[in-house]
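Novice: You'll find protein28.txt just under this line, and it carries compact mmCIF, C-alpha atoms.
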# COMPACT_ATOMS: atom_id res chain seq x y z
CA MET A 17 -19.37 33.09 14.86
CA LEU A 18 -16.89 30.59 16.31
CA LYS A 19 -17.95 28.90 19.51
CA LYS A 20 -15.74 29.27 22.56
CA ILE A 21 -14.49 25.87 23.79
CA THR A 22 -15.67 25.44 27.38
CA GLN A 23 -13.32 22.59 28.34
CA LYS A 24 -9.67 23.37 27.75
CA LYS A 25 -8.15 20.88 25.32
CA ARG A 26 -4.47 20.46 24.61
CA ILE A 27 -3.19 20.78 21.06
CA LEU A 28 0.25 20.00 19.66
CA LEU A 29 0.78 22.23 16.62
CA VAL A 30 3.60 21.09 14.31
CA ASP A 31 4.53 23.67 11.67
CA ASP A 32 7.86 24.97 10.36
CA ASP A 33 6.42 28.36 9.38
CA ALA A 34 6.79 30.59 12.47
CA SER A 35 4.28 33.18 11.30
CA VAL A 36 1.61 30.58 10.54
CA SER A 37 2.30 28.81 13.82
CA GLN A 38 2.02 32.06 15.77
CA MET A 39 -1.23 33.05 14.07
CA LEU A 40 -2.84 29.62 14.63
CA THR A 41 -1.68 29.58 18.25
CA MET A 42 -3.29 32.97 18.92
CA LEU A 43 -6.48 31.87 17.20
CA LEU A 44 -6.75 28.59 19.09
CA GLU A 45 -5.81 30.08 22.46
CA SER A 46 -8.47 32.74 21.99
CA ARG A 47 -10.95 29.88 21.64
CA GLY A 48 -9.85 28.28 24.91
CA TYR A 49 -7.37 25.67 23.65
CA GLU A 50 -3.98 25.10 25.24
CA VAL A 51 -1.38 25.04 22.43
CA THR A 52 2.13 23.63 22.38
CA THR A 53 4.18 24.22 19.22
CA ALA A 54 6.94 22.26 17.47
CA CYS A 55 8.76 23.26 14.29
CA SER A 56 10.46 19.99 13.34
CA SER A 57 10.15 16.23 13.57
CA LYS A 58 12.83 16.13 16.26
CA GLU A 59 11.05 18.70 18.41
CA THR A 60 7.71 16.95 17.87
CA PHE A 61 8.92 13.68 19.36
CA GLU A 62 10.65 15.52 22.20
CA LYS A 63 7.36 17.17 23.20
CA VAL A 64 4.71 14.60 22.31
CA SER A 65 2.96 12.71 25.09
CA ASN A 66 -0.45 11.22 25.76
CA LYS A 67 -1.51 14.45 27.50
CA PHE A 68 -2.46 15.93 24.12
CA ASP A 69 -5.99 15.71 22.76
CA LEU A 70 -5.05 16.47 19.14
CA ILE A 71 -2.05 16.95 16.84
CA LEU A 72 -2.17 19.47 13.98
CA LEU A 73 0.58 18.45 11.56
CA ASP A 74 1.97 20.34 8.59
CA LEU A 75 3.61 18.12 5.93
CA ILE A 76 6.56 20.42 5.18
CA LEU A 77 9.14 20.09 7.95
CA PRO A 78 12.87 20.89 7.80
CA ASP A 79 14.20 17.51 8.92
CA GLU A 80 11.68 14.90 7.75
CA ASP A 81 8.74 14.34 5.44
CA GLY A 82 5.43 14.96 7.21
CA PHE A 83 3.96 11.65 5.98
CA ASN A 84 6.76 9.79 7.76
CA VAL A 85 6.20 11.85 10.91
CA CYS A 86 2.51 10.91 10.82
CA ARG A 87 3.35 7.22 10.46
CA LYS A 88 5.91 7.36 13.29
CA LEU A 89 3.45 9.11 15.58
CA LYS A 90 1.04 6.20 15.06
CA GLU A 91 3.85 3.78 15.93
CA CYS A 92 4.87 5.78 19.03
CA GLU A 93 3.48 4.47 22.33
CA ALA A 94 2.95 7.99 23.66
CA ALA A 95 1.08 9.24 20.61
CA ARG A 96 -0.63 6.37 18.80
CA GLU A 97 -4.07 7.15 20.25
CA ILE A 98 -3.91 10.91 19.65
CA PRO A 99 -5.98 12.04 16.64
CA ILE A 100 -4.03 13.78 13.86
CA ILE A 101 -5.25 16.40 11.41
CA ILE A 102 -2.89 17.15 8.54
CA LEU A 103 -2.81 20.82 7.47
CA SER A 104 -1.18 21.11 4.08
CA ALA A 105 -0.99 23.11 0.86
CA LYS A 106 -0.72 19.78 -0.98
CA ILE A 107 -4.12 19.44 -2.62
CA LEU A 108 -3.60 16.44 -4.90
CA HIS A 109 -5.94 13.53 -4.31
CA LYS A 110 -3.02 11.11 -3.93
CA ASP A 111 -1.51 13.26 -1.15
CA ILE A 112 -4.78 13.22 0.77
CA ILE A 113 -5.05 9.44 0.36
CA GLU A 114 -1.44 8.99 1.46
CA GLY A 115 -1.99 11.08 4.57
CA LEU A 116 -5.07 9.09 5.57
CA TYR A 117 -3.27 5.80 4.91
CA MET A 118 -0.42 6.93 7.14
CA GLY A 119 -2.87 7.20 10.02
CA ALA A 120 -4.18 10.77 9.88
CA ASP A 121 -7.76 11.20 11.04
CA ASP A 122 -8.48 14.14 8.76
CA TYR A 123 -6.79 16.24 6.06
CA LEU A 124 -7.43 19.95 5.58
CA THR A 125 -5.91 21.82 2.63
CA LYS A 126 -4.59 25.37 2.88
CA PRO A 127 -5.95 27.97 2.76
CA PHE A 128 -8.87 27.05 5.00
CA GLU A 129 -11.56 28.82 7.00
CA TYR A 130 -10.71 28.90 10.71
CA GLU A 131 -14.28 28.03 11.58
CA GLU A 132 -13.96 24.85 9.50
CA LEU A 133 -10.68 24.03 11.24
CA VAL A 134 -12.22 24.30 14.70
CA ALA A 135 -15.28 22.31 13.62
CA ARG A 136 -13.08 19.53 12.23
CA MET A 137 -10.92 19.57 15.36
CA GLU A 138 -13.94 19.11 17.61
CA ALA A 139 -15.35 16.33 15.40
CA VAL A 140 -12.04 14.45 15.32
CA MET A 141 -11.53 14.81 19.08
CA ARG A 142 -15.06 13.51 19.73
CA ARG A 143 -14.26 10.41 17.69
CA GLY A 144 -10.83 10.13 19.32
CA SER A 145 -12.32 10.24 22.80
CA MET A 146 -14.22 7.06 22.00
CA PHE A 147 -10.91 5.23 21.72
CA ARG A 148 -9.30 6.87 24.73
CA ASN A 149 -12.08 6.29 27.24
CA GLY A 150 -11.84 2.51 27.26
CA ASN A 151 -15.11 1.78 25.50
CA VAL A 152 -15.89 -0.95 22.94
CA ALA A 153 -14.40 0.93 19.99
CA SER A 154 -11.10 1.37 21.84
CA VAL A 155 -10.98 -2.30 22.74
CA SER A 156 -11.75 -3.24 19.14
CA GLU A 157 -8.90 -1.12 17.76
CA ARG A 158 -6.43 -2.40 20.31
CA VAL A 159 -7.39 -5.99 19.55
CA ILE A 160 -6.78 -5.39 15.85
CA VAL A 161 -3.39 -3.78 16.45
CA SER A 162 -2.42 -6.54 18.88
CA GLU A 163 -3.39 -9.25 16.41
CA LEU A 164 -1.56 -7.47 13.61
CA ARG A 165 1.59 -7.36 15.73
CA ARG A 166 1.21 -11.04 16.59
CA ILE A 167 0.95 -12.02 12.93
CA ILE A 168 4.10 -10.06 12.12
CA ASP A 169 6.16 -11.08 15.15
CA GLU A 170 5.29 -14.78 14.86
CA GLY A 171 5.41 -14.82 11.07
CA SER A 172 1.92 -16.27 11.23
CA MET A 173 1.30 -16.36 7.49
CA THR A 174 1.03 -19.07 4.86
CA PRO A 175 2.10 -18.25 1.29
CA PHE A 176 -0.17 -19.41 -1.53
CA PHE A 177 0.99 -19.56 -5.14
CA GLN A 178 -1.10 -19.02 -8.25
CA PRO A 179 0.51 -20.14 -11.52
CA ILE A 180 0.89 -17.81 -14.48
CA PHE A 181 1.01 -19.38 -17.96
CA LEU A 182 2.34 -18.13 -21.27
CA LEU A 183 -0.52 -18.53 -23.73
CA LYS A 184 1.10 -19.09 -27.11
CA PRO A 185 2.59 -21.66 -26.89
CA PHE A 186 0.90 -22.67 -23.64
CA LYS A 187 3.49 -23.27 -20.91
CA LEU A 188 4.23 -22.40 -17.28
CA TYR A 189 5.82 -18.98 -16.78
CA GLY A 190 5.82 -18.45 -13.03
CA PHE A 191 3.84 -18.03 -9.81
CA GLU A 192 2.32 -15.09 -7.96
CA ALA A 193 2.83 -15.34 -4.20
CA LEU A 194 -0.25 -14.45 -2.15
CA CYS A 195 -0.35 -14.00 1.63
CA ARG A 196 -2.87 -15.84 3.81
CA PRO A 197 -2.65 -14.88 7.51
CA LYS A 198 -3.24 -17.48 10.20
CA THR A 199 -5.92 -15.77 12.26
CA GLU A 200 -9.59 -16.07 13.14
CA SER A 201 -10.01 -12.30 13.25
CA MET A 202 -11.21 -9.89 10.57
CA LEU A 203 -7.57 -9.72 9.46
CA ALA A 204 -8.03 -13.12 7.83
CA ASN A 205 -9.10 -11.06 4.82
CA PRO A 206 -5.74 -10.21 3.12
CA GLU A 207 -7.05 -6.88 1.82
CA LEU A 208 -8.08 -5.77 5.33
CA LEU A 209 -4.82 -7.13 6.73
CA PHE A 210 -2.64 -4.96 4.49
CA LYS A 211 -4.86 -1.90 4.82
CA ALA A 212 -4.57 -2.21 8.61
CA ALA A 213 -0.79 -2.58 8.31
CA VAL A 214 -0.58 0.64 6.28
CA GLN A 215 -2.89 2.47 8.69
CA TYR A 216 -0.95 1.46 11.79
CA GLY A 217 2.50 2.01 10.31
CA CYS A 218 3.76 -1.58 9.98
CA TYR A 219 3.15 -2.35 6.31
CA HIS A 220 6.88 -2.67 5.58
CA GLU A 221 7.29 -5.27 8.32
CA LEU A 222 4.24 -7.26 7.21
CA GLU A 223 5.19 -7.36 3.53
CA THR A 224 8.78 -8.29 4.38
CA VAL A 225 7.57 -11.27 6.42
CA ALA A 226 5.22 -12.27 3.56
CA TRP A 227 8.12 -12.12 1.10
CA GLN A 228 10.36 -14.15 3.41
CA LYS A 229 7.74 -16.86 3.77
CA ALA A 230 7.19 -17.05 0.01
CA ILE A 231 10.89 -17.08 -0.83
CA GLU A 232 11.74 -19.69 1.79
CA TYR A 233 9.14 -22.05 0.37
CA ALA A 234 9.74 -21.33 -3.32
CA ALA A 235 13.54 -21.60 -3.16
CA GLY A 236 14.57 -25.04 -4.34
CA ARG A 237 11.11 -25.77 -5.78
CA LEU A 238 11.36 -23.43 -8.76
CA HIS A 239 13.53 -24.21 -11.75
CA SER A 240 13.40 -21.49 -14.41
CA GLU A 241 10.02 -20.10 -13.31
CA VAL A 242 9.49 -16.49 -12.24
CA LEU A 243 8.23 -15.53 -8.75
CA PHE A 244 5.89 -12.52 -8.45
CA LEU A 245 5.81 -10.67 -5.11
CA ASN A 246 3.25 -7.92 -4.35
CA CYS A 247 4.85 -4.58 -3.53
CA ASP A 248 3.15 -1.37 -2.42
CA PRO A 249 4.61 1.97 -3.68
CA TYR A 250 4.96 2.97 -0.02
CA MET A 251 7.40 0.09 0.46
CA VAL A 252 9.49 1.10 -2.57
CA GLN A 253 9.99 4.65 -1.30
CA SER A 254 10.67 3.51 2.27
CA SER A 255 14.15 4.19 3.64
CA ASN A 256 14.29 0.49 4.54
CA PHE A 257 13.47 -0.78 1.04
CA LEU A 258 17.05 -1.35 -0.06
CA LYS A 259 17.67 -3.46 3.07
CA VAL A 260 14.95 -5.84 1.88
CA LYS A 261 17.32 -7.10 -0.81
CA SER A 262 19.18 -9.04 1.88
CA ILE A 263 16.35 -11.59 2.10
CA PHE A 264 17.07 -12.60 -1.50
CA ASN A 265 20.78 -13.10 -0.89
CA LYS A 266 20.16 -16.24 1.17
CA SER A 267 17.74 -17.80 -1.30
CA GLN A 268 18.43 -19.99 -4.31
CA ILE A 269 16.29 -17.77 -6.56
CA ASN A 270 18.21 -15.53 -8.95
CA ASN A 271 17.24 -11.86 -8.92
CA ASP A 272 16.27 -11.98 -12.59
CA LYS A 273 13.56 -14.49 -11.66
CA ILE A 274 11.91 -12.08 -9.22
CA VAL A 275 9.14 -9.70 -10.32
CA LEU A 276 7.99 -7.06 -7.83
CA GLU A 277 4.34 -6.37 -8.62
CA ILE A 278 3.44 -2.75 -7.85
CA THR A 279 0.01 -2.61 -6.26
CA GLU A 280 -1.92 0.57 -5.46
CA ARG A 281 -2.75 0.37 -1.77
CA SER A 282 -1.11 3.77 -1.36
CA ALA A 283 0.09 6.60 -3.56
CA ILE A 284 3.65 7.60 -4.38
CA SER A 285 4.58 10.56 -2.18
CA ASP A 286 8.31 10.89 -2.98
CA PHE A 287 8.93 10.32 -6.69
CA ASP A 288 12.69 10.91 -6.51
CA VAL A 289 13.20 8.20 -3.90
CA PHE A 290 10.73 5.89 -5.69
CA TYR A 291 12.65 6.10 -9.00
CA GLN A 292 16.02 5.84 -7.26
CA ASN A 293 15.06 2.66 -5.41
CA LEU A 294 13.46 1.12 -8.50
CA ASN A 295 16.63 1.66 -10.47
CA LYS A 296 18.84 0.21 -7.74
CA PHE A 297 16.76 -2.96 -7.76
CA ARG A 298 16.78 -3.10 -11.56
CA GLU A 299 20.57 -2.81 -11.59
CA GLU A 300 20.67 -6.08 -9.67
CA GLY A 301 18.36 -7.88 -12.07
CA PHE A 302 14.90 -7.46 -10.49
CA LYS A 303 11.92 -6.75 -12.75
CA PHE A 304 8.75 -4.78 -12.03
CA ALA A 305 5.11 -5.27 -12.98
CA VAL A 306 2.13 -2.93 -12.61
CA ASP A 307 -1.08 -4.53 -11.33
CA ASP A 308 -4.72 -3.89 -12.35
CA VAL A 309 -3.93 -2.06 -15.59
CA GLY A 310 -7.06 -0.76 -17.29
CA GLY A 311 -8.95 -0.46 -14.04
CA GLY A 312 -8.62 3.32 -14.02
CA TYR A 313 -6.41 6.31 -14.77
CA SER A 314 -4.18 5.62 -11.77
CA SER A 315 -2.99 2.32 -13.24
CA LEU A 316 -1.99 4.04 -16.48
CA GLU A 317 -0.22 6.69 -14.45
CA SER A 318 1.66 3.91 -12.63
CA ILE A 319 2.94 2.56 -15.96
CA VAL A 320 4.37 5.97 -16.80
CA GLU A 321 5.93 6.28 -13.34
CA THR A 322 7.28 2.73 -13.08
CA LYS A 323 8.17 1.87 -16.71
CA PRO A 324 7.55 -1.82 -15.97
CA GLU A 325 8.81 -4.90 -17.75
CA LEU A 326 5.37 -6.50 -17.27
CA VAL A 327 1.78 -5.34 -16.80
CA LYS A 328 -1.23 -7.25 -15.50
CA ILE A 329 -4.62 -6.50 -17.05
CA ASP A 330 -7.34 -5.90 -14.47
CA ARG A 331 -9.48 -8.98 -13.81
CA HIS A 332 -12.71 -6.99 -14.08
CA ILE A 333 -11.91 -6.25 -17.70
CA VAL A 334 -10.89 -9.83 -18.54
CA THR A 335 -13.82 -11.66 -16.92
CA ASN A 336 -16.80 -12.10 -19.30
CA MET A 337 -15.02 -10.08 -21.99
CA LYS A 338 -16.28 -12.15 -24.93
CA ASN A 339 -19.49 -10.19 -25.53
CA ASP A 340 -18.36 -6.79 -24.26
CA ASN A 341 -16.90 -4.61 -26.98
CA PHE A 342 -15.73 -1.94 -24.53
CA LYS A 343 -13.66 -4.46 -22.58
CA ARG A 344 -12.24 -5.90 -25.79
CA SER A 345 -11.24 -2.45 -26.99
CA ILE A 346 -9.43 -1.70 -23.75
CA VAL A 347 -7.51 -4.99 -23.93
CA LYS A 348 -6.61 -4.35 -27.59
CA PHE A 349 -5.17 -0.98 -26.61
CA ILE A 350 -3.15 -2.46 -23.73
CA VAL A 351 -1.80 -5.29 -25.91
CA SER A 352 -0.80 -2.83 -28.65
CA PHE A 353 0.91 -0.54 -26.12
CA CYS A 354 2.80 -3.46 -24.56
CA LYS A 355 4.02 -4.83 -27.89
CA GLU A 356 5.22 -1.39 -28.96
CA ASN A 357 7.15 -0.96 -25.69
CA ASN A 358 8.43 -4.54 -25.31
CA ILE A 359 6.32 -5.19 -22.19
CA LEU A 360 4.90 -8.61 -21.35
CA CYS A 361 1.15 -8.36 -20.71
CA ILE A 362 -0.66 -10.80 -18.41
CA ALA A 363 -4.44 -11.20 -18.13
CA GLU A 364 -5.78 -11.76 -14.61
CA GLY A 365 -9.18 -13.23 -13.76
CA ILE A 366 -9.46 -15.87 -16.48
CA GLU A 367 -12.51 -17.68 -15.11
CA THR A 368 -13.89 -19.53 -18.14
CA LYS A 369 -12.89 -21.16 -21.42
CA GLU A 370 -14.41 -18.15 -23.22
CA ASP A 371 -12.19 -15.75 -21.22
CA LEU A 372 -9.12 -17.75 -22.20
CA GLU A 373 -10.09 -17.86 -25.88
CA SER A 374 -10.75 -14.11 -25.88
CA VAL A 375 -7.39 -13.07 -24.42
CA ILE A 376 -5.52 -15.45 -26.76
CA ALA A 377 -7.39 -14.04 -29.76
CA LEU A 378 -6.45 -10.49 -28.75
CA GLY A 379 -2.76 -11.35 -28.46
CA VAL A 380 -2.30 -11.26 -24.67
CA ASP A 381 1.03 -12.88 -23.76
CA ALA A 382 0.16 -14.69 -20.53
CA GLY A 383 -2.67 -15.33 -18.09
CA GLN A 384 -3.76 -16.48 -14.68
CA GLY A 385 -7.12 -17.27 -13.12
CA TYR A 386 -9.27 -19.99 -11.57
CA TYR A 387 -10.00 -21.57 -14.96
CA LEU A 388 -6.28 -22.25 -15.38
CA HIS A 389 -5.45 -23.06 -11.74
CA LYS A 390 -6.46 -21.85 -8.28
CA PRO A 391 -3.90 -20.55 -5.73
CA SER A 392 -2.34 -23.36 -3.72
CA PRO A 393 -0.04 -23.55 -0.68
CA LYS A 394 2.12 -25.97 -2.70
CA ILE A 395 4.33 -25.56 -5.75
CA ASP A 396 4.04 -28.82 -7.66
CA LEU A 397 5.76 -28.63 -11.04
CA CYS A 398 4.60 -32.15 -11.96
CA GLU A 399 1.02 -30.98 -11.50
CA MET A 400 1.78 -27.93 -13.62
CA ASP A 401 3.00 -30.23 -16.41
CA LYS A 402 -0.38 -31.95 -16.33
CA VAL A 403 -2.18 -28.60 -16.51
CA VAL A 404 -0.08 -27.59 -19.53
CA SER A 405 -0.77 -30.88 -21.32
CA SER A 406 -4.53 -30.48 -20.70
CA PHE A 407 -4.55 -27.24 -22.69
Show how you would write the structure in this file as structure tokens.
Specialist:
Amino acid sequence: MLKKITQKKRILLVDDDASVSQMLTMLLESRGYEVTTACSSKETFEKVSNKFDLILLDLILPDEDGFNVCRKLKECEAAREIPIIILSAKILHKDIIEGLYMGADDYLTKPFEYEELVARMEAVMRRGSMFRNGNVASVSERVIVSELRRIIDEGSMTPFFQPIFLLKPFKLYGFEALCRPKTESMLANPELLFKAAVQYGCYHELETVAWQKAIEYAAGRLHSEVLFLNCDPYMVQSSNFLKVKSIFNKSQINNDKIVLEITERSAISDFDVFYQNLNKFREEGFKFAVDDVGGGYSSLESIVETKPELVKIDRHIVTNMKNDNFKRSIVKFIVSFCKENNILCIAEGIETKEDLESVIALGVDAGQGYYLHKPSPKIDLCEMDKVVSSF
């Protein structure tokens, strides 16, 4: 039997379905909760305030995608500390991941047992109270968000560049730009930095600054080389993605020398917008690559979705491949697929002479890794000439 809630807690229920909203309201009020309802994104932001203990958010709203609403709530001063549980009929793994990346604290698929809903609500609110009562956890989160904002606002990042070489004949092809934040905090780890940016709704801003830094430095230093920029699917489907093109207009790098490398920090939630934005960039000469191919089903799915001009073979497959028949078979398949579809394949994680010999023998087009050259904050084409001559 469901437990009656002794202390009245305030819930903001966001759902476009009036019958579902009415039923949930009656259920929750009978358990001692105080419920306020909203049926759209507009109404949600009109009603939201820090008086609420929890937000229950459906993903299907009449005026805006629920994922975007979740992200905006985490950016909103009045709501950023309120826990969010997404209630949705979307049961795909990628939708659940997307919701959690957008800042949701939990994700419950419909239909669900009401007892489970209440149990999850209480668990999430217990965790949320830790951040709202001024204890250590709250301070820690606020410090992270504050430092993340500082990095973005001050552009406190240094671009590093790792060269990519064509293997047969051996010559310089381009550079992958990598972001290194200037901070002493845990955000010094780039992976944690970008995960935090996605979680707190400022990934687009962070990646844009990283691109700007890389382009500003690379412009004028590159000749015919290609520049690779990491790009999350979430950024591609963002309503602001097309505005990002303006940062290339001021540079001396031609669009056909830019490769946007699709990473998998988050899943694609709006395929129509994703394809539309990809095509608009392609029309202006940009190319796309898919990262970490062979590392799992999702990377193969990304190839189908993106139809890239380039793919990058996962470093975990490339490293120590010489004596591993399974790894070699995977690379053979990827190389064959790429040749058949006119895609340039690049091996990441070349750490030894044996790794290099293996990928060349299997017909991989290009490669990068510490054995060839480590990432550097400088682009020195004279040094690259020496590297080429040494091979």
Novice: Separation of CA of Asp248 in chain A and CA of Thr279 in chain A, in Å?
Specialist: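 Separation between CA of Asp248 in chain A and CA of Thr279 in chain A: 5.1 Å.
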Novice: Restricting the calculation to all atoms listed in the file, which member of A:Leu245, A:Ile98, A:Leu326, A:Leu372 is positioned closest to Asn66 in chain A?
Specialist: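 Answer, going by the shortest atom-to-atom distance: A:Ile98.
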Novice: Which value, in Å to one decimal, gives the distance between CA of Ala382 in chain A and CA of Val275 in chain A?
Specialist: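 CA of Val275 in chain A lies 14.5 Å from CA of Ala382 in chain A.
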Novice: Show which residues sit within 8 Å of Val351 in chain A, as a VMD selection string. Count only C-alpha atoms, and ignore same-chain residues fewer than 3 positions away.
Specialist: chain A and resid 347 to 348 354 to 355 361 378 to 380
Novice: Skip range 211-215 of chain A itself and residues of its chain fewer than 5 positions away, then list as an MDAnalysis selection string all residues within 10 Å of it, counting only C-alpha atoms.
Specialist: chainID A and resid 87 90:91 114:120 160:161 164:165 168 203 206 220:223 248 250:251 281:282
Novice: Could you save the residues just selected, with C-alpha atoms, as a compact mmCIF listing (two decimals), in the frame of the given file?
Specialist:
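Result saved to out.txt:
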# COMPACT_ATOMS: atom_id res chain seq x y z
CA ARG A 87 3.35 7.22 10.46
CA LYS A 90 1.04 6.20 15.06
CA GLU A 91 3.85 3.78 15.93
CA GLU A 114 -1.44 8.99 1.46
CA GLY A 115 -1.99 11.08 4.57
CA LEU A 116 -5.07 9.09 5.57
CA TYR A 117 -3.27 5.80 4.91
CA MET A 118 -0.42 6.93 7.14
CA GLY A 119 -2.87 7.20 10.02
CA ALA A 120 -4.18 10.77 9.88
CA ILE A 160 -6.78 -5.39 15.85
CA VAL A 161 -3.39 -3.78 16.45
CA LEU A 164 -1.56 -7.47 13.61
CA ARG A 165 1.59 -7.36 15.73
CA ILE A 168 4.10 -10.06 12.12
CA LEU A 203 -7.57 -9.72 9.46
CA PRO A 206 -5.74 -10.21 3.12
CA HIS A 220 6.88 -2.67 5.58
CA GLU A 221 7.29 -5.27 8.32
CA LEU A 222 4.24 -7.26 7.21
CA GLU A 223 5.19 -7.36 3.53
CA ASP A 248 3.15 -1.37 -2.42
CA TYR A 250 4.96 2.97 -0.02
CA MET A 251 7.40 0.09 0.46
CA ARG A 281 -2.75 0.37 -1.77
CA SER A 282 -1.11 3.77 -1.36
Novice: Mind pulling up the distance from CA of Phe186 in chain A to CA of Glu399 in chain A?
Specialist: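 Computed distance, CA of Glu399 in chain A to CA of Phe186 in chain A, equals 14.7 Å.
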Novice: Taking all atoms listed in the file into account, which of A:Ile319, A:Ile76, A:Leu360, A:Leu89 comes nearest Leu103 in chain A?
Specialist: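 So, comparing all the options, the nearest one is A:Ile76.
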Novice: With distances taken over only C-alpha atoms, which residue among A:Ser46, A:Glu300, A:Asp169, A:Val404 lies nearest Lys184 in chain A?
Specialist: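 Using only C-alpha atoms, the shortest distance to Lys184 in chain A belongs to A:Val404.
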Novice: Can you work out which one of A:Arg26, A:Arg96, A:Lys261, A:Lys369 has the shortest atom-to-atom distance to Thr41 in chain A, counting only C-alpha atoms?
Specialist: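 Using only C-alpha atoms, the shortest distance to Thr41 in chain A belongs to A:Arg26.
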Novice: Using only C-alpha atoms, pick whichever of A:Asp69, A:Ala193, A:Glu59, A:Tyr130 has the shortest atom-to-atom distance to Pro393 in chain A.
Specialist: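 Counting only C-alpha atoms, the residue closest to Pro393 in chain A is A:Ala193.
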Novice: With all atoms listed in the file as the basis for distance, which of A:Gln38, A:Gln253, A:Thr368, A:Ser345 is at the shortest distance from Gln384 in chain A?
Specialist: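 The answer is A:Thr368, which sits nearest to Gln384 in chain A.
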Novice: Give me, as a PDB file with C-alpha atoms, in the coordinates of the input, all polymer residues having an atom no more than 9 Å from Leu29 in chain A, counting only C-alpha atoms and skipping those fewer than 4 positions away in the same chain.
Specialist:
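In the end it all went to out34.pdb:
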ATOM      1  CA  SER A  37       2.300  28.810  13.820  1.00  0.00           C
ATOM      2  CA  LEU A  40      -2.840  29.620  14.630  1.00  0.00           C
ATOM      3  CA  THR A  41      -1.680  29.580  18.250  1.00  0.00           C
ATOM      4  CA  VAL A  51      -1.380  25.040  22.430  1.00  0.00           C
ATOM      5  CA  THR A  52       2.130  23.630  22.380  1.00  0.00           C
ATOM      6  CA  THR A  53       4.180  24.220  19.220  1.00  0.00           C
ATOM      7  CA  ALA A  54       6.940  22.260  17.470  1.00  0.00           C
ATOM      8  CA  CYS A  55       8.760  23.260  14.290  1.00  0.00           C
ATOM      9  CA  THR A  60       7.710  16.950  17.870  1.00  0.00           C
ATOM     10  CA  LEU A  70      -5.050  16.470  19.140  1.00  0.00           C
ATOM     11  CA  ILE A  71      -2.050  16.950  16.840  1.00  0.00           C
ATOM     12  CA  LEU A  72      -2.170  19.470  13.980  1.00  0.00           C
ATOM     13  CA  LEU A  73       0.580  18.450  11.560  1.00  0.00           C
ATOM     14  CA  ASP A  74       1.970  20.340   8.590  1.00  0.00           C
TER      15      ASP A  74
END
